[in-house]
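Report on one structure; see the data block that follows.
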Amino acid sequence: MSTLRRALGLLSIGLISVFAAACAGTGARTSMAIAPAERSAANRDYAARFASPEWPAPNTIRTATGEPGPDYWQQRADYDIRVSLDEPSRTVTGRATITYTNNSPQALSYLWLHLEQNLFRNDSDGALMTGPGDRFGNRDSFEGGLEVLGVSAAAASDGSPDPARALTLNVYETIARLELPSPVAAKGGTVAFTIAWKFKVPAYGSDRMGISDVADGPIFQLAQWFPAVAKFDDVHGWNTLPYLGTGEFYTDFGDYTVEIDVPATHLVAATGVLMNEAEVLTSQQRERLSAARASAETVAIRSLDEVRDAGSRPAGNNGRLTWRFAARDVRSVAWASSSSFIWDACFLPGAGIGSDGKYGTGEGVLCQSFYPREATAWSKSTQYVRSSIDHYSRMWYAYPYPTATNVNGIVGGMEYPMVSFCGARTDDRGLWGVTTHEFGHNWFPMFVNTDERRHAWMDEGFNTFMNYYHNLEFYPDDLPRRGHPRRWARENPKPFTQPVDTAADLLQQGTLGATQYAKPAVGLVLLREGILGEARFDAAFKEYIRRWAFKSPRPWDFARTMENAAGADLGWFWRGWFYSPAIMDQAVTTVMQADGESRNARVTFVNRGGLIMPVVYKVEYTDGTSETRRLPVQVWAQGDSWTTTWDTKGRKIRRVTLDPDEQFPDVELGNNVWG
């Protein structure tokens with residue numbers, strides 16, 4: 001009997017193998033077949049898939065655990081700025097006294113500055129690389145650029161550069177080298193200088209600044225508008241990548257005092273706290289603003305009905321007013337000014353970081369919006385701001401700033417510390433999406449200071465990942481446009497030609513959204529829900545934010561933090577998802593089952609896409625029961641085919657389905673089911 005049973009068992013295996021090959025889907029084969037591609041790769045080192053990308057060796061500045069080391073340092077630049085807006089000529093004139101602190105271990109004999117307005121010269125490199133309709137281009141053949149009016153080692157009595165102590169500034173496109181009279185000493189040396197400039201505001205400035213002509217007066221949005229000291233760090237030294245349009249900015253933290261001189265009819269929104277309310281607001285507006293600071297509901301500071309009422313603005317001095325703002329520990333300042341602004345606000349009590357370093361114990365955040373009558377959806381803006389600040393603070397890390405301001409104008413969507421520019425006007429859902437995205441950027445890169453020129457995915461992708469969960473909370477019945485792995489795979493079934501970690505200015509046209517926003521966001525959702533699990537991921541991601549808040553991480557700092565805080569070796573994940581264009585295509589090719597064996601189920605899976613992931617599959621039996629099983633990612637160290645066995649305890653397999661909960665970005669679903 002034993003011989004007969006063994007023979008029948010072998011016959012059963014053979015029959016089921018033939019049936020499996022017929023039913024396995026596209027490209028199915030039995031475990032005995034070897035495809036030509038597999039034969040040619042017989043000597044391939046599959047274990048190399050598990051090596052980490054070639055990151056710099058850890059040191060005492062950036063450690064092996066992903067933490068800033070005992071010798072970590074970063075520079076500081078503090079700004080005292082005076083600026084004036086001339087509405088008829090659409091010109092900004094400014095001067096700044098900049099105090100630069102050199103905390104590096106070496107003396108610096110010169111400084112590099114960013115003169116980003118030079119992008120808007122017709123002959124700039126950025127203008128030559130973009131067309132008239134590009135989002136980050138120089139539209140309408142606008143001839144702009146920044147004119148330096150003077151730079152000196154000290155200021156004259158009126159605050160302007162002192163000609164007697166003039167410094168040499170050599171301008172190269174959007175950067176300039178400032179020659180110093182003597183080196184700035186290492187480890188705490190400082191230098192102060194004064195620079196004056198002016199420029200004409202472009203009507204559309206690469207979606208980061210511009211002018212919107214609306215019924216009640218033009219809206220001026222100003223960002224990347226002043227000469228800023230370039231970042232000097234331990235990785236690249238001077239970070240002098242040019243401003244070409246797509247790549248954003250990477251600077252040091254500093255304290256800012258900014259005085260903004262505008263027509264008295266204007267309201268001004270800016271990074272920081274308004275310091276002179278009594279001088280620029282009416283008594284009624286001050287009372288309303290005080291009420292808003294105690295209200296969860298939106299309070300009108302200047303209503304639509306008051307926009308055309310001259311009494312809603314103080315007379316000013318010769319028809320002008322100077323608004324004063326102060327901001328601490330920010331990497332830039334943006335502002336907007338217009339006579340057309342409606343202004344409303346509310347408060348998020350208990351928000352912000354308290355003296356104990358915890359969310360919910362701070363003094364709270366003033367949430368506010370500035371917009372024209374044309375922006376009919378914006379009565380909801382302030383609550384969208386409040387919801388965004390609250391959600392990201394609860395889920396990840398406390399919002400550290402006292403204000404959060406949304407401004408409508410020509411800029412479609414752009415972020416700066418405490419200030420966001422959003423262009424949506426009449427679409428509630430569009431306004432929501434831009435608002436939550438731009439305010440998420442306060443986390444990345446505004447206080448986790450990533451290099452947006454080289455690693456845009458570390459701010460756009462991380463922020464889009466956070467947006468995914470806020471969208472699920474706010475619209476629980478709708479799948480967010482970016483973030484879900486299965487949706488990603490359906491919309492991006494082919495390999496990319498460039499990896500995620502490609503500098504924004506070097507990306508192929510039309511791929512910025514997919515490579516810098518969507519793919520890294522999907523990767524983090526995948527890591528959280530499909531690989532590590534929510535609790536394990538969340539603890540590590542929060543640790544990354546805590547470690548690098550108000551510091552400047554690199555990709556390897558993030559990866560090492562996640563690995564050490566989560567207790568997982570993820571070299572295969574970083575290599576495959578962020579540094580390779582490969583796609584995921586797992587297939588179930590063979591299901592065999594023999595009677596009378598303790599491990600009688602044999603199922604073969606094949607990795608066809610190049611991107612390796614754990615294997616998660618659901619087994620359904622003919623008796624109506626089912627179970628979900630998992631194979632570790634390390635099975636792919638042996639090759640691109642793996643056969644697993646288990647004891648079904650007498651149950652017959654009816655169906656095997658890969659990724660039953662749709663947690664993985666498999667691009668070919670036709671080979672995911674047997675049965």
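For the structure tokens, the naming scheme is as follows: chains receive sequential letters (A, B, ...) according to their order of presentation, residues are indexed from 1 within each chain, and ligands are indexed from 1 in presentation order.
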Legend entry - In segment 193-286 of chain A, DSSP helix (DSSP H, G or I) residues written as JSON, numbers by chain: {"A": [277, 278, 279, 280, 283, 284, 285, 286]}
Inset, instruction - With a distance cut-off of 12 Å and only C-alpha atoms, select the neighbouring residues of segment 320-324 of chain A, excluding the residue or stretch itself and same-chain residues fewer than 4 positions from it, and output the selection as an MDAnalysis selection string. - result: chainID A and resid 80:87 256:281 313:316 335:337 339
Inset, instruction - Please provide as a ChimeraX atom specification all residues within 9 Å of segment 639-654 of chain A, with the sequence filter that same-chain residues fewer than 5 positions apart are discarded (counting only C-alpha atoms). - result: /A:31,38,41-42,44-47,590-593,595-608,610,619-623,625,631,674-675
Selection export as a compact mmCIF listing (two decimals), in the first residue's frame, atoms kept: N, CA and C atoms:
```
# COMPACT_ATOMS: atom_id res chain seq x y z
N SER A 31 7.79 24.91 -11.55
CA SER A 31 9.06 25.17 -10.90
C SER A 31 10.22 24.49 -11.60
N GLU A 38 16.62 33.76 -16.62
CA GLU A 38 17.13 33.20 -15.37
C GLU A 38 18.42 32.42 -15.61
N ALA A 41 21.26 34.68 -15.77
CA ALA A 41 21.57 35.32 -14.49
C ALA A 41 21.94 34.30 -13.43
N ALA A 42 22.34 33.09 -13.87
CA ALA A 42 22.60 32.01 -12.92
C ALA A 42 23.71 32.36 -11.94
N ARG A 44 24.48 35.43 -10.89
CA ARG A 44 24.26 36.77 -10.33
C ARG A 44 24.35 36.74 -8.81
N ASP A 45 24.93 37.80 -8.24
CA ASP A 45 25.01 37.93 -6.78
C ASP A 45 23.73 38.59 -6.28
N TYR A 46 22.73 37.79 -6.01
CA TYR A 46 21.45 38.34 -5.56
C TYR A 46 21.55 38.98 -4.18
N ALA A 47 22.52 38.54 -3.38
CA ALA A 47 22.67 39.12 -2.05
C ALA A 47 23.05 40.59 -2.10
N THR A 590 3.31 28.44 -9.54
CA THR A 590 3.06 27.01 -9.38
C THR A 590 2.46 26.73 -8.01
N VAL A 591 1.41 25.96 -7.98
CA VAL A 591 0.83 25.46 -6.73
C VAL A 591 0.74 23.94 -6.84
N MET A 592 1.39 23.23 -5.93
CA MET A 592 1.37 21.77 -5.93
C MET A 592 0.95 21.29 -4.54
N GLN A 593 0.25 20.19 -4.51
CA GLN A 593 -0.20 19.64 -3.23
C GLN A 593 -0.21 18.12 -3.34
N ASP A 595 -0.81 14.33 -1.38
CA ASP A 595 -1.48 13.67 -0.25
C ASP A 595 -0.45 12.96 0.63
N GLY A 596 -0.77 12.92 1.91
CA GLY A 596 -0.01 12.09 2.83
C GLY A 596 1.32 12.64 3.25
N GLU A 597 1.61 13.91 3.01
CA GLU A 597 2.86 14.51 3.46
C GLU A 597 2.57 15.59 4.49
N SER A 598 3.47 15.73 5.50
CA SER A 598 3.23 16.72 6.55
C SER A 598 3.35 18.14 6.01
N ARG A 599 4.25 18.35 5.05
CA ARG A 599 4.36 19.66 4.42
C ARG A 599 3.98 19.47 2.96
N ASN A 600 2.70 19.35 2.76
CA ASN A 600 2.23 18.89 1.46
C ASN A 600 1.92 19.99 0.47
N ALA A 601 1.96 21.27 0.89
CA ALA A 601 1.71 22.37 -0.04
C ALA A 601 3.03 22.93 -0.52
N ARG A 602 3.14 23.10 -1.82
CA ARG A 602 4.33 23.69 -2.41
C ARG A 602 3.88 24.78 -3.39
N VAL A 603 4.24 26.03 -3.07
CA VAL A 603 3.85 27.17 -3.92
C VAL A 603 5.11 27.91 -4.33
N THR A 604 5.21 28.22 -5.60
CA THR A 604 6.38 28.92 -6.13
C THR A 604 6.01 30.35 -6.52
N PHE A 605 6.83 31.28 -6.05
CA PHE A 605 6.67 32.70 -6.38
C PHE A 605 7.89 33.15 -7.17
N VAL A 606 7.66 34.08 -8.09
CA VAL A 606 8.73 34.60 -8.93
C VAL A 606 8.74 36.12 -8.84
N ASN A 607 9.94 36.69 -8.75
CA ASN A 607 10.12 38.14 -8.76
C ASN A 607 10.49 38.57 -10.17
N ARG A 608 9.61 39.25 -10.86
CA ARG A 608 9.81 39.59 -12.27
C ARG A 608 10.14 41.05 -12.52
N GLY A 610 12.25 43.19 -10.64
CA GLY A 610 13.53 43.72 -10.19
C GLY A 610 13.48 44.30 -8.80
N VAL A 619 -4.14 32.26 1.29
CA VAL A 619 -4.46 30.92 0.82
C VAL A 619 -5.91 30.61 1.20
N GLU A 620 -6.71 30.31 0.22
CA GLU A 620 -8.10 29.90 0.46
C GLU A 620 -8.22 28.40 0.19
N TYR A 621 -8.91 27.70 1.09
CA TYR A 621 -9.06 26.25 0.98
C TYR A 621 -10.48 25.90 0.55
N THR A 622 -10.59 24.67 0.06
CA THR A 622 -11.89 24.23 -0.45
C THR A 622 -12.93 24.09 0.65
N ASP A 623 -12.50 23.99 1.93
CA ASP A 623 -13.47 23.87 3.02
C ASP A 623 -13.99 25.22 3.49
N THR A 625 -12.15 27.80 4.64
CA THR A 625 -11.22 28.50 5.51
C THR A 625 -10.14 29.19 4.68
N LEU A 631 6.30 35.69 3.56
CA LEU A 631 7.69 35.29 3.41
C LEU A 631 8.56 36.53 3.54
N TRP A 674 -3.59 32.45 -8.33
CA TRP A 674 -3.69 31.08 -8.85
C TRP A 674 -5.00 30.48 -8.35
N GLY A 675 -5.70 29.82 -9.25
CA GLY A 675 -6.90 29.13 -8.81
C GLY A 675 -8.09 29.52 -9.65
```
Legend entry - Close residues, Phe232 of chain A itself excluded, 10 Å, only C-alpha atoms, min 2 positions apart in chain, as a list in words: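 Using only C-alpha atoms, the neighbours found are Gln74, Gln75, Arg76, Asn102, Asn103, Ser104, Leu108, Leu111, Trp112, Val229, Ala230, Asp234, Val235, His236, Gly237, Trp238, Asn239, Thr240, Tyr250, Thr251 and Asp252 of chain A.
All residues of protein, DNA or RNA that reach within 9 Å of segment 549-555 of chain A, judged by only C-alpha atoms and not counting those fewer than 6 positions away in the chain, are Trp55, Arg62, Gly66, Pro68, Trp73, Gln74, Asp233, Val235, Asp252, Phe253, Asp329, Val330, Trp443, Met446, Phe447, Val448, Asn449, Thr450, Asp451, His455, Met458 and Asp501 of chain A.
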Inset, instruction - With a distance cut-off of 7 Å and only C-alpha atoms, select the neighbouring residues of Thr435 of chain A, excluding the residue or stretch itself and same-chain residues fewer than 6 positions from it, and output the selection as number ranges by chain. - result: A: 384-385, 422
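For the set A:Asp459, A:Glu668, A:Glu452, A:Glu534, the residue with the smallest atom-to-atom gap to Glu491 of chain A is A:Glu668, counting only C-alpha atoms.
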Inset, instruction - Quick one: everything within 12 Å of segment 465-472 of chain A, counting only C-alpha atoms, minus sequence neighbours fewer than 5 positions away in the same chain. Send it as a PyMOL selection string. - result: chain A and resi 384-385+387-397+429+432-444+457-460+477-485+516-529+538+541-542
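Closest approach to Ala587 of chain A from the set A:Ala565, A:Ala377, A:Leu669, A:Met129 is made by A:Leu669, with distances taken over only C-alpha atoms.
Rounded to one decimal, atom CA of Gly409 of chain A and atom CA of Ile301 of chain A lie 18.9 Å from each other.
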